[in-house]
Amino acid sequence: MDLEKLCVSVLEKNWYDGFTIPSPKLYPFQWNWDSGFIALGYLRYNTEHAFQELESLFKGQWKNGFLPHIIFHHAERYGEDYFPSASYWNSNVSDLAPANLKTSGITQPPVIGFVLEQFYRKLGKSDRLLTLIKDTIRFHDSLYEHRDLTNSGLIETWHNWESGMDNSPWWDQALDSINEDMVADIQLNRKDAKVVEQSNETRPSDLEYKRYLWLLKTLQHHKFASIPIDYPFRFYDLAINSALIASTESLISLGKAFDLETEKLEMQLTNSKHAFNEYLWNADDRAYYPFDIVRNAQVKMKGAASFLPLMAGVPDASQAEQLMETAAQFDNYNGIPSIDPELDIFEPKRYWRGPVWINMNYLIWKGLLRYGNNRMADELRYKTIELVREAGCREYFSIDQNKKEGYGGKDFSWTAALILVMLDNN
Ligand code: 2M8
């Protein structure tokens with residue numbers, strides 16, 4: 001089938017009465033950053049769906065502006081089809097959670113701001129867009145208010161699921177500190193391992209899942225609003241903070257177009273960019289790394305998210321040049337691997353521990369264009385499109401250029417949506 005038609009058919013198949021599931025059976029609800037990418041795809045051919053996608057997402061917004069990572073639409077019927085389920089999350093431990101809609105209690109990289117700038121460029125002003133802009137500003141305010149505990153200018157990540165890169169080796173040391181005794185009482189009812197082929201090679205292990213649930217339970221005990229003093233998982237994550245900065249920048253230009261007050265956003269942008277370079281840039285390695293707040297150290301492993309600051313305009317010209325040289329080390333792969341293949345912990349098929357992801361390739365492509373590196377950008381775009389043409393709209397892919405195969409979920413929505421964007425070359 002023609003690639004464009006294939007991508008549209010995946011999005012149509014996954015459209016559920018106002019929102020899009022990331023992948024049939026594996027992810028049967030609405031996910032936060034997935035929806036941002038998916039809306040970009042709809043913007044190419046169905047702008048009504050693009051609006052509805054984000055409007056459905058914001059139905060899950062909490063009273064303090066927080067935007068959770070999963071919205072369990074129709075939980076009464078399907079709530080148990082995913083693990084951890086709507087009832088396991090039990091977001092209503094917080095009075096701030098919506099009364100009539102179940103959600104998770106953590107968030108994901110805030111991509112919506114820069115997605116909305118694309119809405120504006122394509123469709124101009126509208127009341128619907130203005131409502132989404134205001135909702136997104138409330139979301140950002142909630143992050144700065146509740147997740148910047150030390151006034152650093154950066155947002156803290158309290159769960160590996162928040163980063164979107166769930167089992168990245170970046171989090172190993174923090175997660176390993178949750179020992180087997182601590183998770184002894186945690187029961188699993190995993191659905192993912194039953195849905196995905198070769199799940200023992202592709203999905204996280206049971207012990208890893210128990211640790212994720214230990215973090216969930218601890219946050220739940222604190223109503224998802226604070227952390228205990230000895231909480232082991234606190235990071236300045238690259239994806240969350242890059243997305244936040246790019247989105248803040250977009251909200252400033254949108255704010256100006258809609259005559260909104262932008263002074264606070266401008267202050268947030270300046271502080272965050274400054275702090276990003278202070279904490280996350282490694283001049284010796286010419287790369288950005290996540291920062292482990294508990295252990296007060298950068299986690300020195302390169303991976304696709306090391307290059308996301310480009311699309312947020314974080315590096316200055318000299319840093320950008322060095323960073324793009326570092327990225328060139330990965331020229332011979334199907335895109336930028338989620339973790340450096342030279343490292344021992346690299347795993348070719350396991351989820352975020354090595355393979356190529358289309359959202360990362362897309363965001364890095366945007367970053368390369370932003371810094372005028374059209375040659376690298378064009379190559380990455382071409383490779384990404386050809387990979388999906390051969391392997392289909394899978395969740396993620398082999399890094400090996402001689403093996404264009406995909407793994408994990410099938411009919412994966414953000415792969416389909418972002419390929420539509422890349423085919424459009426815009
Ligand atoms: C994956 O994460 C979920 C938990 O949020 C899971 O594994 O069950 C990640 O790849 C995440 O980035 C993505 O948003 C989600 C849905 O596609 O799946």
# chains A, B, ... in the order shown; residues from 1 in each chain; ligands from 1
call {"tool": "residues_around", "arguments": {"residues": "segment 190-195 of chain A", "least_positions_apart": "6", "cutoff": "8 Å", "atoms": "only C-alpha atoms", "output": "list in words"}}
result
Lys25, Leu26, Asp81, Tyr82, Phe83, Pro84 and Arg203 of chain A
call {"tool": "residues_around", "arguments": {"residues": "Leu323 of chain A", "least_positions_apart": "6", "cutoff": "12 Å", "atoms": "only C-alpha atoms", "output": "number ranges by chain"}}
result
A: 281-289, 302-310, 314-317, 329-330, 364, 367-368, 371, 373
call {"tool": "residues_near_ligand", "arguments": {"ligand": "ligand 1", "cutoff": "7 Å", "atoms": "only C-alpha atoms and all ligand atoms", "output": "list of chain:residue names"}}
result
A:Pro22, A:Tyr27, A:Trp31, A:Asn32, A:Trp33, A:Asp34, A:His69, A:Trp161, A:Gly164, A:Met165, A:Asp166
call {"tool": "write_last_selection", "arguments": {"atoms": "all heavy atoms", "output": "mmCIF file, in the first residue's frame"}}
result
data_model
loop_
_atom_site.group_PDB
_atom_site.id
_atom_site.type_symbol
_atom_site.label_atom_id
_atom_site.label_comp_id
_atom_site.auth_asym_id
_atom_site.auth_seq_id
_atom_site.Cartn_x
_atom_site.Cartn_y
_atom_site.Cartn_z
ATOM 1 N N PRO A 22 -2.750 4.900 21.079
ATOM 2 C CA PRO A 22 -1.419 4.756 20.473
ATOM 3 C C PRO A 22 -1.265 3.471 19.657
ATOM 4 O O PRO A 22 -0.615 3.469 18.607
ATOM 5 C CB PRO A 22 -0.469 4.756 21.662
ATOM 6 C CG PRO A 22 -1.201 5.524 22.723
ATOM 7 C CD PRO A 22 -2.653 5.147 22.543
ATOM 8 N N TYR A 27 -1.998 -0.298 23.990
ATOM 9 C CA TYR A 27 -2.237 0.997 24.657
ATOM 10 C C TYR A 27 -3.648 1.474 24.316
ATOM 11 O O TYR A 27 -3.824 2.323 23.437
ATOM 12 C CB TYR A 27 -1.219 2.036 24.182
ATOM 13 C CG TYR A 27 0.233 1.627 24.319
ATOM 14 C CD1 TYR A 27 1.071 1.577 23.198
ATOM 15 C CD2 TYR A 27 0.790 1.311 25.562
ATOM 16 C CE1 TYR A 27 2.412 1.222 23.313
ATOM 17 C CE2 TYR A 27 2.124 0.945 25.680
ATOM 18 C CZ TYR A 27 2.930 0.903 24.550
ATOM 19 O OH TYR A 27 4.251 0.551 24.662
ATOM 20 N N TRP A 31 -2.864 8.815 25.473
ATOM 21 C CA TRP A 31 -1.584 9.202 26.094
ATOM 22 C C TRP A 31 -1.237 10.634 25.708
ATOM 23 O O TRP A 31 -1.495 11.057 24.574
ATOM 24 C CB TRP A 31 -0.463 8.271 25.634
ATOM 25 C CG TRP A 31 -0.140 7.165 26.595
ATOM 26 C CD1 TRP A 31 0.920 7.112 27.452
ATOM 27 C CD2 TRP A 31 -0.874 5.943 26.805
ATOM 28 N NE1 TRP A 31 0.886 5.939 28.181
ATOM 29 C CE2 TRP A 31 -0.194 5.207 27.805
ATOM 30 C CE3 TRP A 31 -2.038 5.400 26.260
ATOM 31 C CZ2 TRP A 31 -0.627 3.972 28.272
ATOM 32 C CZ3 TRP A 31 -2.482 4.169 26.712
ATOM 33 C CH2 TRP A 31 -1.780 3.463 27.712
ATOM 34 N N ASN A 32 -0.606 11.330 26.643
ATOM 35 C CA ASN A 32 -0.357 12.769 26.522
ATOM 36 C C ASN A 32 0.537 13.143 25.323
ATOM 37 O O ASN A 32 0.077 13.795 24.377
ATOM 38 C CB ASN A 32 0.243 13.214 27.866
ATOM 39 C CG ASN A 32 0.468 14.679 28.001
ATOM 40 O OD1 ASN A 32 0.710 15.376 27.037
ATOM 41 N ND2 ASN A 32 0.418 15.193 29.216
ATOM 42 N N TRP A 33 1.819 12.731 25.340
ATOM 43 C CA TRP A 33 2.670 13.223 24.240
ATOM 44 C C TRP A 33 2.336 12.523 22.925
ATOM 45 O O TRP A 33 2.481 13.112 21.858
ATOM 46 C CB TRP A 33 4.152 13.248 24.598
ATOM 47 C CG TRP A 33 4.977 11.984 24.678
ATOM 48 C CD1 TRP A 33 4.560 10.739 25.027
ATOM 49 C CD2 TRP A 33 6.385 11.889 24.422
ATOM 50 N NE1 TRP A 33 5.624 9.867 25.030
ATOM 51 C CE2 TRP A 33 6.759 10.553 24.666
ATOM 52 C CE3 TRP A 33 7.370 12.784 24.028
ATOM 53 C CZ2 TRP A 33 8.077 10.100 24.516
ATOM 54 C CZ3 TRP A 33 8.682 12.337 23.880
ATOM 55 C CH2 TRP A 33 9.035 11.013 24.120
ATOM 56 N N ASP A 34 1.824 11.286 23.004
ATOM 57 C CA ASP A 34 1.352 10.631 21.770
ATOM 58 C C ASP A 34 0.337 11.529 21.070
ATOM 59 O O ASP A 34 0.385 11.724 19.851
ATOM 60 C CB ASP A 34 0.680 9.287 22.074
ATOM 61 C CG ASP A 34 1.628 8.259 22.670
ATOM 62 O OD1 ASP A 34 2.165 8.516 23.760
ATOM 63 O OD2 ASP A 34 1.832 7.197 22.052
ATOM 64 N N HIS A 69 -0.501 11.756 32.165
ATOM 65 C CA HIS A 69 0.048 11.066 30.981
ATOM 66 C C HIS A 69 -0.926 10.084 30.360
ATOM 67 O O HIS A 69 -0.809 9.795 29.172
ATOM 68 C CB HIS A 69 1.421 10.469 31.284
ATOM 69 C CG HIS A 69 1.494 9.024 31.684
ATOM 70 N ND1 HIS A 69 0.851 8.520 32.799
ATOM 71 C CD2 HIS A 69 2.166 7.971 31.141
ATOM 72 C CE1 HIS A 69 1.144 7.224 32.907
ATOM 73 N NE2 HIS A 69 1.925 6.876 31.920
ATOM 74 N N TRP A 161 8.095 6.678 33.735
ATOM 75 C CA TRP A 161 7.036 6.805 32.724
ATOM 76 C C TRP A 161 6.810 8.256 32.321
ATOM 77 O O TRP A 161 6.258 8.529 31.268
ATOM 78 C CB TRP A 161 5.725 6.198 33.245
ATOM 79 C CG TRP A 161 5.666 4.701 33.145
ATOM 80 C CD1 TRP A 161 6.293 3.924 32.232
ATOM 81 C CD2 TRP A 161 4.923 3.805 33.990
ATOM 82 N NE1 TRP A 161 5.998 2.591 32.450
ATOM 83 C CE2 TRP A 161 5.165 2.494 33.522
ATOM 84 C CE3 TRP A 161 4.089 3.988 35.086
ATOM 85 C CZ2 TRP A 161 4.592 1.365 34.103
ATOM 86 C CZ3 TRP A 161 3.519 2.869 35.676
ATOM 87 C CH2 TRP A 161 3.766 1.569 35.194
ATOM 88 N N GLY A 164 8.719 9.374 29.211
ATOM 89 C CA GLY A 164 8.298 8.775 27.942
ATOM 90 C C GLY A 164 9.278 7.707 27.468
ATOM 91 O O GLY A 164 8.969 6.909 26.607
ATOM 92 N N MET A 165 10.495 7.702 28.069
ATOM 93 C CA MET A 165 11.521 6.716 27.665
ATOM 94 C C MET A 165 11.664 5.741 28.824
ATOM 95 O O MET A 165 12.648 5.744 29.570
ATOM 96 C CB MET A 165 12.833 7.454 27.383
ATOM 97 C CG MET A 165 12.681 8.440 26.241
ATOM 98 S SD MET A 165 14.120 9.514 26.055
ATOM 99 C CE MET A 165 13.993 10.517 27.516
ATOM 100 N N ASP A 166 10.638 4.907 28.963
ATOM 101 C CA ASP A 166 10.346 4.207 30.208
ATOM 102 C C ASP A 166 11.483 3.424 30.837
ATOM 103 O O ASP A 166 11.706 3.500 32.031
ATOM 104 C CB ASP A 166 9.186 3.239 29.981
ATOM 105 C CG ASP A 166 7.943 3.943 29.472
ATOM 106 O OD1 ASP A 166 7.985 5.182 29.308
ATOM 107 O OD2 ASP A 166 6.935 3.269 29.247
#
call {"tool": "residues_around", "arguments": {"residues": "segment 3-11 of chain A", "least_positions_apart": "3", "cutoff": "7 Å", "atoms": "only C-alpha atoms", "output": "MDAnalysis selection string"}}
result
chainID A and resid 14:15 389 411 413 416:417 420
call {"tool": "residues_around", "arguments": {"residues": "Glu162 of chain A", "least_positions_apart": "2", "cutoff": "6 Å", "atoms": "only C-alpha atoms", "output": "PyMOL selection string"}}
result
chain A and resi 107-108+159-160+164
call {"tool": "select_by_dssp", "arguments": {"residues": "segment 160-298 of chain A", "states": "alpha helix (DSSP H)", "output": "VMD selection string"}}
result
chain A and resid 160 to 163 172 to 176 192 to 195 199 to 202 206 to 221 238 to 257 263 to 280
call {"tool": "closest_residue", "arguments": {"among": "A:Ile358, A:Ala86, A:Ile133, A:Leu369", "to": "Thr384 of chain A", "atoms": "only C-alpha atoms"}}
result
A:Ile358
call {"tool": "select_by_dssp", "arguments": {"residues": "segment 17-196 of chain A", "states": "strand (DSSP E)", "output": "ChimeraX atom specification"}}
result
/A:19-20,30-31,70-72,102-103,156-157
call {"tool": "write_last_selection", "arguments": {"atoms": "N, CA and C atoms", "output": "mmCIF file, in the first residue's frame"}}
result
data_model
loop_
_atom_site.group_PDB
_atom_site.id
_atom_site.type_symbol
_atom_site.label_atom_id
_atom_site.label_comp_id
_atom_site.auth_asym_id
_atom_site.auth_seq_id
_atom_site.Cartn_x
_atom_site.Cartn_y
_atom_site.Cartn_z
ATOM 1 N N PHE A 19 -10.687 10.684 20.203
ATOM 2 C CA PHE A 19 -9.245 10.642 20.510
ATOM 3 C C PHE A 19 -8.648 9.409 19.839
ATOM 4 N N THR A 20 -7.322 9.299 19.905
ATOM 5 C CA THR A 20 -6.647 8.211 19.191
ATOM 6 C C THR A 20 -5.831 7.370 20.163
ATOM 7 N N GLN A 30 -5.877 7.133 26.002
ATOM 8 C CA GLN A 30 -5.223 8.296 25.388
ATOM 9 C C GLN A 30 -3.965 8.661 26.170
ATOM 10 N N TRP A 31 -2.864 8.815 25.473
ATOM 11 C CA TRP A 31 -1.584 9.202 26.094
ATOM 12 C C TRP A 31 -1.237 10.634 25.708
ATOM 13 N N ILE A 70 -1.895 9.571 31.127
ATOM 14 C CA ILE A 70 -2.921 8.718 30.501
ATOM 15 C C ILE A 70 -4.303 9.243 30.883
ATOM 16 N N ILE A 71 -5.186 9.328 29.899
ATOM 17 C CA ILE A 71 -6.593 9.658 30.161
ATOM 18 C C ILE A 71 -7.386 8.386 29.865
ATOM 19 N N PHE A 72 -7.990 7.840 30.906
ATOM 20 C CA PHE A 72 -8.714 6.567 30.758
ATOM 21 C C PHE A 72 -10.164 6.839 30.341
ATOM 22 N N LYS A 102 -11.267 9.182 34.760
ATOM 23 C CA LYS A 102 -10.087 8.612 35.433
ATOM 24 C C LYS A 102 -8.823 8.981 34.652
ATOM 25 N N THR A 103 -7.771 9.277 35.385
ATOM 26 C CA THR A 103 -6.489 9.577 34.733
ATOM 27 C C THR A 103 -5.362 8.937 35.549
ATOM 28 N N GLU A 156 11.350 18.786 37.480
ATOM 29 C CA GLU A 156 11.773 17.459 37.954
ATOM 30 C C GLU A 156 10.866 16.359 37.401
ATOM 31 N N THR A 157 11.470 15.227 37.105
ATOM 32 C CA THR A 157 10.742 14.035 36.666
ATOM 33 C C THR A 157 10.743 13.045 37.828
#
call {"tool": "closest_residue", "arguments": {"among": "A:Glu208, A:Asp17, A:Asp237, A:Asp127", "to": "Ser177 of chain A", "atoms": "only C-alpha atoms"}}
result
A:Glu208
call {"tool": "closest_residue", "arguments": {"among": "A:Ser272, A:Glu263, A:Gln220, A:Leu96", "to": "Gly153 of chain A", "atoms": "only C-alpha atoms"}}
result
A:Ser272
call {"tool": "residues_around", "arguments": {"residues": "Tyr212 of chain A", "least_positions_apart": "4", "cutoff": "12 Å", "atoms": "only C-alpha atoms", "output": "VMD selection string"}}
result
chain A and resid 83 to 84 106 158 to 162 166 to 167 171 to 172 174 to 179 182 to 183 186 to 188 204 to 208 216 to 219 232 to 233
call {"tool": "residues_around", "arguments": {"residues": "Glu261 of chain A", "least_positions_apart": "5", "cutoff": "12 Å", "atoms": "only C-alpha atoms", "output": "PDB file with N, CA, C and O atoms, in the first residue's frame"}}
result
ATOM      1  N   LYS A 134      -4.614  28.583  26.276  1.00  0.00           N
ATOM      2  CA  LYS A 134      -4.740  28.941  27.703  1.00  0.00           C
ATOM      3  C   LYS A 134      -4.612  27.700  28.588  1.00  0.00           C
ATOM      4  O   LYS A 134      -3.995  27.738  29.653  1.00  0.00           O
ATOM      5  N   ILE A 137      -0.953  26.851  28.837  1.00  0.00           N
ATOM      6  CA  ILE A 137      -0.222  27.749  29.751  1.00  0.00           C
ATOM      7  C   ILE A 137      -0.481  27.330  31.200  1.00  0.00           C
ATOM      8  O   ILE A 137       0.431  27.290  32.033  1.00  0.00           O
ATOM      9  N   LEU A 251       4.516  29.153  22.918  1.00  0.00           N
ATOM     10  CA  LEU A 251       3.406  29.842  23.618  1.00  0.00           C
ATOM     11  C   LEU A 251       3.642  31.351  23.646  1.00  0.00           C
ATOM     12  O   LEU A 251       2.680  32.130  23.620  1.00  0.00           O
ATOM     13  N   ILE A 252       4.894  31.759  23.657  1.00  0.00           N
ATOM     14  CA  ILE A 252       5.178  33.203  23.630  1.00  0.00           C
ATOM     15  C   ILE A 252       4.732  33.780  22.274  1.00  0.00           C
ATOM     16  O   ILE A 252       4.022  34.784  22.219  1.00  0.00           O
ATOM     17  N   SER A 253       5.110  33.102  21.180  1.00  0.00           N
ATOM     18  CA  SER A 253       4.674  33.691  19.892  1.00  0.00           C
ATOM     19  C   SER A 253       3.159  33.583  19.716  1.00  0.00           C
ATOM     20  O   SER A 253       2.530  34.513  19.201  1.00  0.00           O
ATOM     21  N   LEU A 254       2.568  32.508  20.212  1.00  0.00           N
ATOM     22  CA  LEU A 254       1.102  32.406  20.135  1.00  0.00           C
ATOM     23  C   LEU A 254       0.458  33.482  21.013  1.00  0.00           C
ATOM     24  O   LEU A 254      -0.510  34.139  20.614  1.00  0.00           O
ATOM     25  N   GLY A 255       1.030  33.666  22.209  1.00  0.00           N
ATOM     26  CA  GLY A 255       0.492  34.671  23.140  1.00  0.00           C
ATOM     27  C   GLY A 255       0.495  36.046  22.486  1.00  0.00           C
ATOM     28  O   GLY A 255      -0.473  36.805  22.598  1.00  0.00           O
ATOM     29  N   LYS A 256       1.582  36.360  21.784  1.00  0.00           N
ATOM     30  CA  LYS A 256       1.666  37.680  21.126  1.00  0.00           C
ATOM     31  C   LYS A 256       0.603  37.789  20.039  1.00  0.00           C
ATOM     32  O   LYS A 256      -0.072  38.815  19.907  1.00  0.00           O
ATOM     33  N   GLU A 266       8.111  34.519  29.182  1.00  0.00           N
ATOM     34  CA  GLU A 266       9.455  34.921  28.752  1.00  0.00           C
ATOM     35  C   GLU A 266      10.479  34.700  29.860  1.00  0.00           C
ATOM     36  O   GLU A 266      11.599  34.246  29.611  1.00  0.00           O
ATOM     37  N   MET A 267      10.043  34.958  31.090  1.00  0.00           N
ATOM     38  CA  MET A 267      10.939  34.735  32.230  1.00  0.00           C
ATOM     39  C   MET A 267      11.225  33.230  32.380  1.00  0.00           C
ATOM     40  O   MET A 267      12.362  32.815  32.581  1.00  0.00           O
TER      41      MET A 267
END
call {"tool": "decode", "arguments": {"residues": "segment 266-277 of chain A", "atoms": "all heavy atoms", "output": "PDB file, in the first residue's frame"}}
result
ATOM      1  N   GLU A 266       8.111  34.519  29.182  1.00  0.00           N
ATOM      2  CA  GLU A 266       9.455  34.921  28.752  1.00  0.00           C
ATOM      3  C   GLU A 266      10.479  34.700  29.860  1.00  0.00           C
ATOM      4  O   GLU A 266      11.599  34.246  29.611  1.00  0.00           O
ATOM      5  CB  GLU A 266       9.442  36.377  28.280  1.00  0.00           C
ATOM      6  CG  GLU A 266       8.857  36.460  26.869  1.00  0.00           C
ATOM      7  CD  GLU A 266       8.531  37.868  26.402  1.00  0.00           C
ATOM      8  OE1 GLU A 266       9.374  38.752  26.588  1.00  0.00           O
ATOM      9  OE2 GLU A 266       7.423  38.066  25.860  1.00  0.00           O
ATOM     10  N   MET A 267      10.043  34.958  31.090  1.00  0.00           N
ATOM     11  CA  MET A 267      10.939  34.735  32.230  1.00  0.00           C
ATOM     12  C   MET A 267      11.225  33.230  32.380  1.00  0.00           C
ATOM     13  O   MET A 267      12.362  32.815  32.581  1.00  0.00           O
ATOM     14  CB  MET A 267      10.249  35.254  33.482  1.00  0.00           C
ATOM     15  CG  MET A 267      11.171  35.737  34.557  1.00  0.00           C
ATOM     16  SD  MET A 267      10.149  36.339  35.893  1.00  0.00           S
ATOM     17  CE  MET A 267       9.318  34.852  36.434  1.00  0.00           C
ATOM     18  N   GLN A 268      10.156  32.441  32.243  1.00  0.00           N
ATOM     19  CA  GLN A 268      10.331  30.976  32.354  1.00  0.00           C
ATOM     20  C   GLN A 268      11.312  30.486  31.290  1.00  0.00           C
ATOM     21  O   GLN A 268      12.191  29.668  31.555  1.00  0.00           O
ATOM     22  CB  GLN A 268       8.980  30.271  32.186  1.00  0.00           C
ATOM     23  CG  GLN A 268       8.029  30.483  33.363  1.00  0.00           C
ATOM     24  CD  GLN A 268       6.588  30.058  33.081  1.00  0.00           C
ATOM     25  OE1 GLN A 268       6.166  29.950  31.928  1.00  0.00           O
ATOM     26  NE2 GLN A 268       5.819  29.825  34.137  1.00  0.00           N
ATOM     27  N   LEU A 269      11.159  31.001  30.075  1.00  0.00           N
ATOM     28  CA  LEU A 269      12.018  30.555  28.969  1.00  0.00           C
ATOM     29  C   LEU A 269      13.491  30.875  29.257  1.00  0.00           C
ATOM     30  O   LEU A 269      14.358  30.001  29.125  1.00  0.00           O
ATOM     31  CB  LEU A 269      11.574  31.229  27.659  1.00  0.00           C
ATOM     32  CG  LEU A 269      12.368  30.843  26.423  1.00  0.00           C
ATOM     33  CD1 LEU A 269      12.154  29.380  26.068  1.00  0.00           C
ATOM     34  CD2 LEU A 269      11.986  31.708  25.217  1.00  0.00           C
ATOM     35  N   THR A 270      13.756  32.104  29.663  1.00  0.00           N
ATOM     36  CA  THR A 270      15.147  32.506  29.916  1.00  0.00           C
ATOM     37  C   THR A 270      15.754  31.644  31.030  1.00  0.00           C
ATOM     38  O   THR A 270      16.855  31.110  30.889  1.00  0.00           O
ATOM     39  CB  THR A 270      15.203  33.995  30.348  1.00  0.00           C
ATOM     40  OG1 THR A 270      14.447  34.731  29.396  1.00  0.00           O
ATOM     41  CG2 THR A 270      16.608  34.528  30.415  1.00  0.00           C
ATOM     42  N   ASN A 271      15.006  31.486  32.119  1.00  0.00           N
ATOM     43  CA  ASN A 271      15.546  30.709  33.255  1.00  0.00           C
ATOM     44  C   ASN A 271      15.786  29.256  32.872  1.00  0.00           C
ATOM     45  O   ASN A 271      16.804  28.662  33.234  1.00  0.00           O
ATOM     46  CB  ASN A 271      14.574  30.740  34.444  1.00  0.00           C
ATOM     47  CG  ASN A 271      14.498  32.124  35.054  1.00  0.00           C
ATOM     48  OD1 ASN A 271      15.368  32.950  34.795  1.00  0.00           O
ATOM     49  ND2 ASN A 271      13.467  32.379  35.834  1.00  0.00           N
ATOM     50  N   SER A 272      14.844  28.671  32.161  1.00  0.00           N
ATOM     51  CA  SER A 272      14.972  27.243  31.835  1.00  0.00           C
ATOM     52  C   SER A 272      16.137  26.986  30.886  1.00  0.00           C
ATOM     53  O   SER A 272      16.891  26.030  31.054  1.00  0.00           O
ATOM     54  CB  SER A 272      13.682  26.712  31.204  1.00  0.00           C
ATOM     55  OG  SER A 272      12.666  26.747  32.156  1.00  0.00           O
ATOM     56  N   LYS A 273      16.290  27.853  29.899  1.00  0.00           N
ATOM     57  CA  LYS A 273      17.393  27.652  28.944  1.00  0.00           C
ATOM     58  C   LYS A 273      18.730  27.750  29.662  1.00  0.00           C
ATOM     59  O   LYS A 273      19.633  26.942  29.440  1.00  0.00           O
ATOM     60  CB  LYS A 273      17.342  28.746  27.872  1.00  0.00           C
ATOM     61  CG  LYS A 273      16.542  28.381  26.659  1.00  0.00           C
ATOM     62  CD  LYS A 273      16.775  29.463  25.626  1.00  0.00           C
ATOM     63  CE  LYS A 273      16.201  29.098  24.300  1.00  0.00           C
ATOM     64  NZ  LYS A 273      16.377  30.128  23.298  1.00  0.00           N
ATOM     65  N   HIS A 274      18.831  28.741  30.527  1.00  0.00           N
ATOM     66  CA  HIS A 274      20.074  28.945  31.261  1.00  0.00           C
ATOM     67  C   HIS A 274      20.395  27.703  32.121  1.00  0.00           C
ATOM     68  O   HIS A 274      21.503  27.162  32.087  1.00  0.00           O
ATOM     69  CB  HIS A 274      19.938  30.195  32.131  1.00  0.00           C
ATOM     70  CG  HIS A 274      21.145  30.472  32.936  1.00  0.00           C
ATOM     71  ND1 HIS A 274      22.270  31.054  32.415  1.00  0.00           N
ATOM     72  CD2 HIS A 274      21.426  30.197  34.238  1.00  0.00           C
ATOM     73  CE1 HIS A 274      23.195  31.131  33.354  1.00  0.00           C
ATOM     74  NE2 HIS A 274      22.710  30.615  34.466  1.00  0.00           N
ATOM     75  N   ALA A 275      19.384  27.245  32.865  1.00  0.00           N
ATOM     76  CA  ALA A 275      19.591  26.103  33.767  1.00  0.00           C
ATOM     77  C   ALA A 275      19.887  24.831  32.969  1.00  0.00           C
ATOM     78  O   ALA A 275      20.686  23.985  33.401  1.00  0.00           O
ATOM     79  CB  ALA A 275      18.356  25.910  34.639  1.00  0.00           C
ATOM     80  N   PHE A 276      19.261  24.704  31.828  1.00  0.00           N
ATOM     81  CA  PHE A 276      19.495  23.512  30.991  1.00  0.00           C
ATOM     82  C   PHE A 276      20.984  23.396  30.643  1.00  0.00           C
ATOM     83  O   PHE A 276      21.602  22.340  30.793  1.00  0.00           O
ATOM     84  CB  PHE A 276      18.662  23.624  29.704  1.00  0.00           C
ATOM     85  CG  PHE A 276      18.398  22.319  29.017  1.00  0.00           C
ATOM     86  CD1 PHE A 276      17.122  21.781  28.985  1.00  0.00           C
ATOM     87  CD2 PHE A 276      19.407  21.611  28.392  1.00  0.00           C
ATOM     88  CE1 PHE A 276      16.864  20.566  28.345  1.00  0.00           C
ATOM     89  CE2 PHE A 276      19.160  20.402  27.753  1.00  0.00           C
ATOM     90  CZ  PHE A 276      17.882  19.890  27.733  1.00  0.00           C
ATOM     91  N   ASN A 277      21.550  24.509  30.215  1.00  0.00           N
ATOM     92  CA  ASN A 277      22.972  24.472  29.847  1.00  0.00           C
ATOM     93  C   ASN A 277      23.862  24.270  31.072  1.00  0.00           C
ATOM     94  O   ASN A 277      24.910  23.631  30.989  1.00  0.00           O
ATOM     95  CB  ASN A 277      23.355  25.753  29.102  1.00  0.00           C
ATOM     96  CG  ASN A 277      22.984  25.637  27.624  1.00  0.00           C
ATOM     97  OD1 ASN A 277      23.202  24.593  27.003  1.00  0.00           O
ATOM     98  ND2 ASN A 277      22.400  26.678  27.073  1.00  0.00           N
TER      99      ASN A 277
END
